[in-house]
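Structure data (compact mmCIF, C-alpha atoms) from model26.txt:
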# COMPACT_ATOMS: atom_id res chain seq x y z
CA MET D 1144 107.68 83.92 92.38
CA THR D 1145 109.68 85.46 95.21
CA ALA D 1146 111.90 82.43 95.64
CA ALA D 1147 112.96 82.52 92.00
CA ALA D 1148 113.20 86.30 91.88
CA LEU D 1149 116.45 87.39 90.27
CA THR D 1150 117.46 90.74 91.64
CA ALA D 1151 120.23 92.93 90.28
CA ALA D 1152 122.19 92.42 93.51
CA ARG D 1153 122.03 88.62 93.18
CA ALA D 1154 123.09 88.82 89.54
CA GLY D 1155 126.11 90.87 90.60
CA LEU D 1156 124.80 94.04 88.97
CA VAL D 1157 124.21 97.51 90.33
CA SER D 1158 121.40 99.74 89.16
CA CYS D 1159 122.23 103.45 89.10
CA GLU D 1160 119.77 105.31 91.35
CA THR D 1161 119.92 108.36 89.14
CA CYS D 1162 119.73 107.12 85.55
CA LYS D 1163 118.76 103.47 86.17
CA LEU D 1164 121.60 102.09 84.02
CA LEU D 1165 122.62 98.58 85.05
CA SER D 1166 126.32 97.98 85.30
CA ARG D 1167 128.63 95.29 86.59
CA PRO D 1168 130.81 96.82 89.32
CA VAL D 1169 134.58 96.48 88.96
CA HIS D 1170 134.87 95.29 92.56
CA PRO D 1171 131.96 93.95 94.67
CA ASP D 1172 132.86 96.13 97.69
CA HIS D 1173 133.66 99.17 95.60
CA ALA D 1174 130.88 99.76 93.11
CA GLY D 1175 132.49 102.96 91.80
CA HIS D 1176 130.66 105.41 89.60
CA CYS D 1177 127.98 105.02 86.94
CA PRO D 1178 129.65 105.01 83.50
CA ARG D 1179 126.77 106.97 82.01
CA CYS D 1180 125.86 109.69 84.52
CA GLY D 1181 128.82 109.59 86.90
CA ALA D 1182 126.69 109.15 90.05
CA GLU D 1183 128.13 107.05 92.85
CA LEU D 1184 126.88 103.47 92.57
CA GLU D 1185 125.47 101.63 95.55
CA SER D 1186 123.78 98.26 95.50
CA ARG D 1187 121.80 99.37 98.57
CA ARG D 1188 121.81 102.81 100.14
CA ALA D 1189 124.72 102.87 102.59
CA ASN D 1190 123.79 102.52 106.30
CA SER D 1191 120.15 102.98 105.34
CA ILE D 1192 118.75 101.38 108.52
CA GLN D 1193 121.01 103.31 110.93
CA TYR D 1194 120.40 106.68 109.25
CA THR D 1195 116.66 106.13 109.04
CA TRP D 1196 116.45 105.07 112.70
CA ALA D 1197 118.44 108.14 113.76
CA LEU D 1198 116.15 110.46 111.80
CA VAL D 1199 112.96 108.73 113.01
CA ILE D 1200 114.06 108.95 116.66
CA ALA D 1201 115.04 112.61 116.26
CA ALA D 1202 111.66 113.35 114.65
CA ALA D 1203 109.79 111.46 117.40
CA ILE D 1204 111.55 113.59 120.04
CA CYS D 1205 110.66 116.82 118.18
CA TYR D 1206 107.04 115.67 117.80
CA ILE D 1207 106.39 116.18 121.54
CA PRO D 1208 107.33 119.90 121.84
CA ALA D 1209 105.79 120.46 118.39
CA ASN D 1210 102.41 119.58 119.84
CA LEU D 1211 102.81 120.97 123.37
CA LEU D 1212 104.45 124.33 122.68
CA PRO D 1213 102.47 127.17 121.10
CA VAL D 1214 102.98 127.66 117.36
CA MET D 1215 101.58 131.19 117.46
CA ASN D 1216 101.11 133.94 120.04
CA THR D 1217 98.22 136.24 119.25
CA THR D 1218 98.29 139.68 120.85
CA ALA D 1219 94.97 141.50 120.63
CA PHE D 1220 94.02 144.60 122.61
CA GLY D 1221 96.83 144.20 125.08
CA SER D 1222 96.44 140.53 126.02
CA THR D 1223 98.52 137.69 124.56
CA GLU D 1224 97.10 134.26 123.87
CA PRO D 1225 99.22 131.22 122.95
CA ASP D 1226 97.95 128.89 120.22
CA THR D 1227 99.01 125.24 119.89
CA ILE D 1228 98.35 123.04 116.86
CA MET D 1229 95.39 121.36 118.56
CA GLY D 1230 94.17 124.82 119.63
CA GLY D 1231 94.13 125.82 115.96
CA VAL D 1232 92.09 122.72 115.08
CA VAL D 1233 89.58 123.47 117.85
CA PHE D 1234 89.39 127.11 116.70
CA LEU D 1235 88.60 126.08 113.11
CA TYR D 1236 86.01 123.58 114.34
CA THR D 1237 84.20 126.02 116.62
CA SER D 1238 84.27 128.78 114.01
CA GLY D 1239 82.22 126.52 111.76
CA SER D 1240 84.69 125.23 109.17
CA TRP D 1241 84.88 121.63 110.29
CA PRO D 1242 86.21 120.32 106.94
CA LEU D 1243 89.28 122.55 107.34
CA ALA D 1244 89.58 121.51 110.98
CA LEU D 1245 89.64 117.90 109.84
CA ILE D 1246 92.27 118.61 107.14
CA VAL D 1247 94.54 120.39 109.64
CA LEU D 1248 94.02 117.63 112.22
CA ILE D 1249 94.93 114.92 109.70
CA ALA D 1250 97.85 116.80 108.10
CA SER D 1251 99.40 118.17 111.28
CA VAL D 1252 98.71 115.65 114.02
CA MET D 1253 97.87 112.29 112.49
CA VAL D 1254 100.11 112.21 109.41
CA PRO D 1255 103.41 112.85 111.27
CA LEU D 1256 102.49 110.27 113.91
CA ALA D 1257 101.41 107.73 111.27
CA LYS D 1258 104.67 108.34 109.39
CA LEU D 1259 106.78 107.70 112.48
CA ILE D 1260 104.86 104.50 113.25
CA ALA D 1261 105.02 103.30 109.62
CA LEU D 1262 108.76 103.94 109.31
CA GLY D 1263 109.38 102.25 112.66
CA TYR D 1264 107.36 99.24 111.53
CA LEU D 1265 109.25 99.04 108.21
CA LEU D 1266 112.61 99.28 109.98
CA ILE D 1267 111.75 96.61 112.57
CA THR D 1268 110.40 94.16 109.98
CA VAL D 1269 113.51 94.67 107.80
CA GLN D 1270 115.86 94.20 110.75
CA ARG D 1271 114.09 91.02 111.82
CA GLY D 1272 114.12 89.71 108.27
CA VAL D 1273 110.36 89.23 108.16
CA PRO D 1274 109.50 87.54 104.84
CA GLY D 1275 106.29 88.07 102.90
CA GLY D 1276 103.99 91.05 102.71
CA GLY D 1277 106.58 92.80 100.58
CA ARG D 1278 104.02 94.28 98.25
CA GLU D 1279 101.98 95.70 101.11
CA ARG D 1280 105.04 97.06 102.89
CA THR D 1281 106.32 98.66 99.68
CA ARG D 1282 102.90 100.27 99.27
CA LEU D 1283 103.11 101.56 102.85
CA TYR D 1284 106.54 103.02 102.09
CA ARG D 1285 105.23 104.71 98.95
CA MET D 1286 102.39 106.24 101.00
CA VAL D 1287 104.85 107.57 103.60
CA GLU D 1288 106.86 109.17 100.78
CA PHE D 1289 103.75 110.66 99.19
CA ILE D 1290 101.95 112.16 102.18
CA GLY D 1291 105.04 113.46 103.98
CA ARG D 1292 104.99 116.90 102.42
CA TRP D 1293 101.40 117.61 103.51
CA SER D 1294 102.45 117.96 107.14
CA MET D 1295 104.14 121.21 106.12
CA LEU D 1296 100.61 122.68 105.99
CA ASP D 1297 100.62 124.16 109.48
CA VAL D 1298 104.02 125.77 108.97
CA PHE D 1299 102.63 127.64 105.95
CA VAL D 1300 99.44 128.58 107.83
CA ASP D 1301 101.51 130.04 110.68
CA THR D 1302 103.90 131.83 108.31
CA PHE D 1303 101.17 133.62 106.39
CA THR D 1304 99.16 134.44 109.51
CA VAL D 1305 102.25 135.96 111.13
CA ALA D 1306 103.14 137.85 107.94
CA LEU D 1307 99.69 139.34 107.51
CA VAL D 1308 98.50 140.10 111.01
CA GLN D 1309 100.95 142.81 112.03
CA LEU D 1310 98.70 145.69 113.06
CA GLN D 1311 100.66 147.04 116.00
CA PRO D 1312 99.64 148.06 118.57
CA LEU D 1313 96.09 146.76 118.08
CA MET D 1314 96.63 143.19 117.02
CA SER D 1315 99.65 141.12 116.05
CA VAL D 1316 100.64 137.47 115.74
CA ALA D 1317 104.13 136.23 116.57
CA PRO D 1318 105.44 132.71 115.88
CA GLY D 1319 105.83 130.44 118.91
CA PRO D 1320 108.66 128.00 119.62
CA GLY D 1321 106.47 125.03 118.58
CA VAL D 1322 106.62 125.93 114.90
CA LEU D 1323 110.37 125.23 114.70
CA PHE D 1324 109.93 121.76 116.23
CA PHE D 1325 107.00 121.13 113.94
CA ALA D 1326 108.96 122.07 110.81
CA ALA D 1327 111.81 119.89 112.12
CA VAL D 1328 109.46 116.86 112.39
CA VAL D 1329 108.36 117.30 108.77
CA VAL D 1330 111.86 117.79 107.36
CA LEU D 1331 113.36 114.93 109.42
CA THR D 1332 110.65 112.44 108.43
CA MET D 1333 110.92 113.47 104.77
CA ILE D 1334 114.69 112.85 104.83
CA ALA D 1335 114.08 109.59 106.74
CA ALA D 1336 111.76 108.40 103.94
CA GLU D 1337 114.50 109.24 101.42
CA THR D 1338 117.26 107.41 103.30
CA PHE D 1339 115.18 104.26 103.79
CA ASP D 1340 115.89 101.75 101.03
CA PRO D 1341 112.70 99.86 100.06
CA ARG D 1342 114.78 97.14 98.37
CA LEU D 1343 115.75 95.95 101.88
CA ILE D 1344 112.13 94.86 102.38
CA TRP D 1345 112.53 92.40 99.51
CA ASP D 1346 116.04 91.30 100.47
CA ALA D 1347 114.72 90.16 103.84
CA GLY D 1348 111.83 88.39 102.12
CA SER D 1349 113.97 86.38 99.73
CA GLN D 1350 116.47 85.45 102.48
CA GLY D 1351 113.59 84.04 104.48
CA GLU D 1352 112.46 82.04 101.44
CA ARG D 1353 115.96 80.68 100.98
CA GLN D 1354 116.25 79.61 104.61
CA ARG D 1355 112.95 77.80 104.47
CA GLY D 1356 113.64 76.14 101.13
CA MET W 536 99.06 98.44 81.63
CA ALA W 537 101.31 95.93 83.34
CA SER W 538 104.41 94.50 81.75
CA LYS W 539 105.22 90.81 81.80
CA VAL W 540 108.76 89.52 81.93
CA ASN W 541 109.28 88.08 78.49
CA PRO W 542 112.46 85.97 78.19
CA ASP W 543 112.39 86.05 74.37
CA ALA W 544 112.48 89.81 74.08
CA SER W 545 116.22 89.97 74.72
CA ALA W 546 116.56 93.19 72.79
CA ASP W 547 114.45 95.11 75.28
CA PRO W 548 116.48 97.03 77.83
CA LEU W 549 117.11 95.19 81.07
CA ILE W 550 116.54 97.26 84.17
CA ALA W 551 116.29 96.69 87.90
CA CYS W 552 113.20 97.89 89.75
CA ASP W 553 113.91 100.98 91.87
CA GLU W 554 111.95 99.69 94.81
CA CYS W 555 112.62 95.94 94.89
CA ASP W 556 115.70 95.46 92.66
CA LEU W 557 114.00 92.79 90.50
CA LEU W 558 115.70 92.40 87.11
CA GLN W 559 113.34 92.68 84.17
CA ARG W 560 113.09 93.72 80.56
CA VAL W 561 110.88 96.66 79.66
CA PRO W 562 109.06 96.07 76.36
CA PRO W 563 108.57 98.99 73.96
CA LEU W 564 105.60 100.88 75.35
CA PRO W 565 102.75 102.37 73.34
CA ILE W 566 102.15 106.08 73.89
CA GLY W 567 100.48 106.81 77.21
CA ALA W 568 101.33 103.39 78.64
CA LYS W 569 103.05 102.58 81.91
CA ALA W 570 105.25 99.63 82.79
CA ARG W 571 104.88 98.29 86.31
CA CYS W 572 107.10 95.93 88.25
CA PRO W 573 105.29 92.56 88.46
CA ARG W 574 106.63 91.96 91.97
CA CYS W 575 106.16 95.22 93.89
CA GLY W 576 103.94 97.24 91.54
CA SER W 577 106.19 100.30 91.30
CA THR W 578 106.16 102.26 88.04
CA LEU W 579 109.23 101.34 85.99
CA ALA W 580 108.72 103.46 82.92
CA THR W 581 106.17 105.68 81.26
CA ARG W 582 105.80 106.77 77.68
CA PRO W 583 104.45 110.32 77.35
CA SER W 584 103.51 111.39 73.84
CA ASP W 585 105.99 114.27 73.62
CA PRO W 586 108.61 113.83 76.36
CA ILE W 587 110.75 116.93 75.64
CA ASP W 588 108.82 119.72 73.87
CA LEU W 589 105.59 119.52 75.85
CA PRO W 590 107.27 119.66 79.28
CA LEU W 591 109.47 122.46 77.93
CA ALA W 592 106.41 124.51 76.98
CA LEU W 593 104.87 123.83 80.40
CA THR W 594 108.12 124.74 82.19
CA VAL W 595 108.40 128.07 80.33
CA THR W 596 104.79 128.82 81.35
CA ALA W 597 105.56 127.82 84.93
CA ALA W 598 108.61 130.12 84.96
CA ILE W 599 106.47 133.12 83.96
CA ILE W 600 103.69 132.30 86.44
CA PHE W 601 106.29 131.69 89.14
CA VAL W 602 107.59 135.26 88.72
CA VAL W 603 104.01 136.58 88.99
CA ALA W 604 103.30 134.42 92.06
CA ASN W 605 106.35 135.83 93.80
CA ALA W 606 105.98 139.45 92.75
CA ALA W 607 102.24 139.93 93.28
CA PRO W 608 100.71 140.06 96.76
CA MET W 609 99.39 136.73 98.00
CA MET W 610 96.63 138.20 100.11
CA GLY W 611 95.66 141.48 101.69
CA LEU W 612 94.03 142.40 104.96
CA SER W 613 92.08 145.42 106.05
CA ALA W 614 91.04 146.12 109.61
CA VAL W 615 90.24 149.27 111.54
CA GLY W 616 91.14 151.44 108.59
CA ARG W 617 94.56 149.87 108.02
CA ARG W 618 95.70 147.73 105.16
CA ALA W 619 98.43 145.13 104.92
CA SER W 620 99.47 142.59 102.31
CA THR W 621 102.08 139.90 101.98
CA THR W 622 103.98 138.05 99.27
CA ILE W 623 105.42 134.53 99.52
CA ILE W 624 108.94 135.66 100.39
CA GLY W 625 107.48 138.41 102.59
CA GLY W 626 105.96 135.67 104.75
CA ALA W 627 109.31 133.96 105.21
CA TYR W 628 111.00 137.32 105.89
CA GLU W 629 108.46 138.19 108.59
CA MET W 630 109.18 134.83 110.28
CA TRP W 631 112.87 135.75 110.20
CA LEU W 632 112.19 139.16 111.78
CA GLN W 633 110.02 137.57 114.46
CA GLY W 634 112.91 135.44 115.70
CA GLU W 635 112.39 132.15 113.83
CA PRO W 636 115.27 132.15 111.32
CA ILE W 637 115.38 128.35 110.84
CA THR W 638 111.64 128.06 110.17
CA ALA W 639 111.93 131.06 107.82
CA ALA W 640 114.71 129.29 105.93
CA ILE W 641 112.66 126.06 105.64
CA VAL W 642 109.63 128.00 104.36
CA ALA W 643 111.77 129.97 101.89
CA PHE W 644 113.35 126.74 100.65
CA CYS W 645 110.07 124.85 100.12
CA ALA W 646 108.16 127.86 98.74
CA VAL W 647 110.73 129.69 96.62
CA ILE W 648 114.21 128.17 96.37
CA ALA W 649 113.33 124.52 95.58
CA PRO W 650 110.66 125.39 92.94
CA ALA W 651 112.91 128.06 91.39
CA CYS W 652 115.79 125.57 91.14
CA TYR W 653 113.43 122.93 89.74
CA ILE W 654 112.18 125.28 87.00
CA LEU W 655 115.72 126.47 86.20
CA PHE W 656 117.23 122.97 86.09
CA MET W 657 114.34 121.56 84.03
CA LEU W 658 114.62 124.44 81.53
CA THR W 659 118.36 123.78 81.17
CA VAL W 660 117.87 120.03 80.72
CA LEU W 661 114.97 120.32 78.27
CA VAL W 662 116.59 123.02 76.11
CA ALA W 663 119.87 121.09 76.04
CA ALA W 664 118.12 117.79 75.25
CA ARG W 665 116.66 119.20 72.02
CA ARG W 666 120.10 119.38 70.36
CA PRO W 667 121.51 115.87 69.86
CA PRO W 668 125.03 115.97 71.28
CA VAL W 669 123.74 116.39 74.82
CA PRO W 670 126.75 117.15 77.01
CA TYR W 671 127.50 115.05 80.08
CA TRP W 672 126.74 117.83 82.61
CA VAL W 673 123.07 117.84 81.56
CA GLY W 674 122.67 114.56 83.45
CA GLU W 675 124.11 116.20 86.55
CA VAL W 676 121.62 119.09 86.25
CA LEU W 677 118.74 116.62 85.76
CA ARG W 678 119.75 114.75 88.90
CA TRP W 679 119.61 117.98 90.93
CA GLY W 680 116.30 118.91 89.33
CA LEU W 681 114.76 115.59 90.35
CA HIS W 682 116.08 116.09 93.90
CA MET W 683 114.26 119.44 94.10
CA GLN W 684 110.90 117.95 93.10
CA PRO W 685 109.68 116.60 96.46
CA TRP W 686 110.65 119.86 98.20
CA SER W 687 108.56 122.12 95.94
CA MET W 688 105.34 122.33 97.91
CA PHE W 689 102.95 124.59 96.01
CA GLU W 690 99.84 122.52 96.67
CA VAL W 691 100.59 122.38 100.40
CA MET W 692 101.30 126.11 100.45
CA LEU W 693 98.05 126.92 98.62
CA LEU W 694 96.04 124.95 101.17
CA GLY W 695 98.02 126.66 103.95
CA VAL W 696 97.17 130.09 102.54
CA LEU W 697 93.48 129.15 102.35
CA VAL W 698 93.43 127.93 105.96
CA ALA W 699 95.21 131.13 107.06
CA LEU W 700 92.66 133.21 105.12
CA ILE W 701 89.75 131.53 106.87
CA LYS W 702 91.39 131.84 110.28
CA ILE W 703 92.12 135.55 109.84
CA ALA W 704 88.67 136.20 108.33
CA GLU W 705 87.36 135.87 111.88
CA LEU W 706 89.41 138.90 112.94
CA ALA W 707 89.56 141.14 109.88
CA THR W 708 88.54 141.47 106.24
CA VAL W 709 90.87 139.52 103.99
CA ASP W 710 91.01 139.35 100.24
CA PRO W 711 92.99 136.96 98.06
CA GLY W 712 95.54 138.59 95.76
CA ILE W 713 96.83 137.83 92.28
CA GLY W 714 99.66 135.81 93.84
CA MET W 715 97.18 133.28 95.14
CA TYR W 716 95.60 132.71 91.73
CA ALA W 717 99.09 132.35 90.22
CA LEU W 718 99.83 129.80 92.93
CA GLY W 719 96.70 127.91 91.92
CA VAL W 720 97.97 127.70 88.34
CA LEU W 721 101.38 126.43 89.51
CA VAL W 722 99.66 123.71 91.55
CA VAL W 723 98.37 122.32 88.22
CA LEU W 724 101.49 123.05 86.14
CA PHE W 725 104.06 121.32 88.35
CA PRO W 726 102.51 117.84 88.27
CA ALA W 727 101.83 118.35 84.53
CA ILE W 728 105.56 118.88 83.91
CA ALA W 729 106.39 115.71 85.85
CA VAL W 730 103.78 113.62 84.01
CA THR W 731 104.65 114.75 80.48
CA PHE W 732 108.41 114.45 81.04
CA ASP W 733 110.32 111.19 80.57
CA PRO W 734 113.80 111.22 82.12
CA ARG W 735 114.72 108.08 80.12
CA GLU W 736 114.54 110.16 76.96
CA VAL W 737 117.23 112.50 78.31
CA TRP W 738 119.42 109.64 79.56
CA ASN W 739 119.27 108.03 76.13
CA ARG W 740 120.56 111.22 74.53
CA VAL W 741 123.19 112.22 77.08
CA GLU W 742 126.87 111.58 76.39
CA TRP W 743 128.37 109.06 78.76
CA ALA W 744 130.55 110.23 81.63
CA GLU W 745 133.23 107.66 80.80
CA GLY W 746 133.63 108.19 77.08
CA GLU W 747 131.35 106.95 74.34
CA MET W 748 128.81 104.17 74.69
CA PRO W 749 130.70 101.46 72.74
CA SER W 750 133.73 101.84 75.02
CA ALA W 751 131.69 100.85 78.07
CA PRO W 752 133.52 98.43 80.39
CA PRO W 753 133.63 94.96 78.81
CA GLY W 754 132.02 91.86 80.23
CA SER W 755 128.63 93.45 80.70
CA GLU W 756 126.13 92.23 78.18
CA THR W 757 123.34 93.99 80.07
CA MET W 758 124.90 97.35 79.46
CA ARG W 759 124.86 96.71 75.73
CA ALA W 760 121.19 95.83 76.00
CA GLU W 761 120.55 99.23 77.52
CA ALA W 762 122.60 100.99 74.86
CA THR W 763 120.51 99.62 71.96
CA ARG W 764 117.82 102.22 71.79
What's the structure tokens form of this structure?
Amino acid sequence: MTAAALTAARAGLVSCETCKLLSRPVHPDHAGHCPRCGAELESRRANSIQYTWALVIAAAICYIPANLLPVMNTTAFGSTEPDTIMGGVVFLYTSGSWPLALIVLIASVMVPLAKLIALGYLLITVQRGVPGGGRERTRLYRMVEFIGRWSMLDVFVDTFTVALVQLQPLMSVAPGPGVLFFAAVVVLTMIAAETFDPRLIWDAGSQGERQRG
Amino acid sequence: MASKVNPDASADPLIACDECDLLQRVPPLPIGAKARCPRCGSTLATRPSDPIDLPLALTVTAAIIFVVANAAPMMGLSAVGRRASTTIIGGAYEMWLQGEPITAAIVAFCAVIAPACYILFMLTVLVAARRPPVPYWVGEVLRWGLHMQPWSMFEVMLLGVLVALIKIAELATVDPGIGMYALGVLVVLFPAIAVTFDPREVWNRVEWAEGEMPSAPPGSETMRAEATR
């Protein structure tokens, strides 16, 4: 099946990413614009691997301060207490709402890490031209795309806590520096998932088939 | 329902899969059916029963609820005889005041700007698509609308508000406001718009950027296949 697979690229066609119209580019190096919707045509997203690597590395760097620095500083009755993401999870757990603690733990700590690992794995397998497992890797990519937004959870929690708890001088909550890094991780990994081109997974697969055959 | 590549059905439009670039023909789909790529399993096409009017009705509803969700307080707090409440944009503004302008901008974008643009762009596209000569710029607007979709995070925000409510409930009395219920409605409406809408229907009606369909660049039999509706 994969060996005989006729892709648009192999047939000399380009599929428009916006409106999905197939067209034959005037020049193979210069695909030009889609005749129907006017979007720029690209057989594969340009520099997909380099851009995705850059975004993944940037997100991985931001992930460290996002977890170590406090996301909130709670001032109550004169004393200030910093709150990290993990601190928030522990707080929810000890205050008796363990299902919410689990949701925050998964969305804020595990999902970003899993996304970074998954994108790294996809990039490495594409760069090495690993054939096979295309269906599974495409499914992994789809999952990364789908769950990415859920990491934004803690940013919203912090925003609404800060907005509501402003009862100076008794009690107030101020955002900590961690929240910026955390939001950066989510945005960077979401853009990374958009710049990665899943068709590269299959290109590598069919090249492998060709070399073996 | 999976589609099979049928070499005889040469009249069916030829398309390349978004996720693996496999060339295939999409057979005419019965209402409610889905065509999947036989190689990677990605959804190629869907066939909602009413691809323009139903999403239009849902988008108009969403626009009204969106105004309510932004105008009404999201939640209120009362402690030691003092009361406070916040709206969606009020939350982002407070972040800004507290010295986190970038985070405030990200929150404002995901909570207000992206969904507002999505509603506005979808309304434009759907209203324009109802009158047959659909001008070329409608495609441009649709493209921007589809770009806004992953950044509209109502369901994530709703869960965030709930977690915040439970956290603060330890310190003070909190009560959910009308804004939160409106948000709950939007969480259902946004995916409903996406499911009932079929972008192919708009692309089939839109005027081509480079003149009319018959004057498409020669030497491309596939393009003609796509043009036969």
Find the nearest atom pair between each residue of chain W and chain D for residues within 6 Å, count all atoms listed in the file, give distances in Å to one decimal, sort rows by chain and ascending number, and present the table as CSV.
residue,atom,partner,partner_atom,distance
W:Ala551,CA,D:Ala1151,CA,5.9
W:Glu554,CA,D:Arg1342,CA,5.2
W:Cys555,CA,D:Arg1342,CA,4.3
W:Asp556,CA,D:Thr1150,CA,5.1
W:Leu557,CA,D:Thr1150,CA,4.2
W:Leu558,CA,D:Thr1150,CA,5.1
W:Cys575,CA,D:Arg1278,CA,4.9
W:Gly626,CA,D:Ala1306,CA,4.8
W:Glu629,CA,D:Ala1306,CA,5.4
W:Thr638,CA,D:Leu1323,CA,5.5
W:Gly674,CA,D:Cys1180,CA,5.9
W:Val691,CA,D:Leu1296,CA,5.6
W:Met692,CA,D:Phe1299,CA,5.9
W:Gly695,CA,D:Val1300,CA,4.6
W:Val696,CA,D:Val1300,CA,6.0
W:Ala699,CA,D:Val1300,CA,5.0
W:Trp743,CA,D:Arg1179,CA,4.2
W:Ala744,CA,D:Arg1179,CA,5.0
W:Glu745,CA,D:Pro1178,CA,5.2
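Atom to atom, atom CA of Pro586 of chain W and atom CA of Pro573 of chain W stand 24.7 Å apart.
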Handout entry: atom CA of Pro726 of chain W to atom CA of Val676 of chain W, distance in Å rounded to a single decimal
Key = 19.3 Å
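Among the candidates W:Ile550, W:Ile623, W:Leu632, W:Val723, the one nearest to Val602 of chain W when counting all atoms listed in the file is W:Ile623.
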Handout entry: Distance query Ala727 of chain W at most 8 Å, all atoms listed in the file, self and fewer than 3 positions along chain excluded, as JSON, numbers by chain
Key = {"W": [590, 593, 723, 724, 730, 731]}
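With atom CA of Arg574 of chain W on one side and atom CA of Pro562 of chain W on the other, the separation reads 16.3 Å.
For Val662 of chain W, the set of protein, DNA and RNA residues having any atom at most 9 Å away, when counting all atoms listed in the file and skipping those fewer than 3 positions along the same chain, is W:Ile587, W:Asp588, W:Leu591, W:Met657, W:Leu658, W:Thr659, W:Arg665, W:Arg666.
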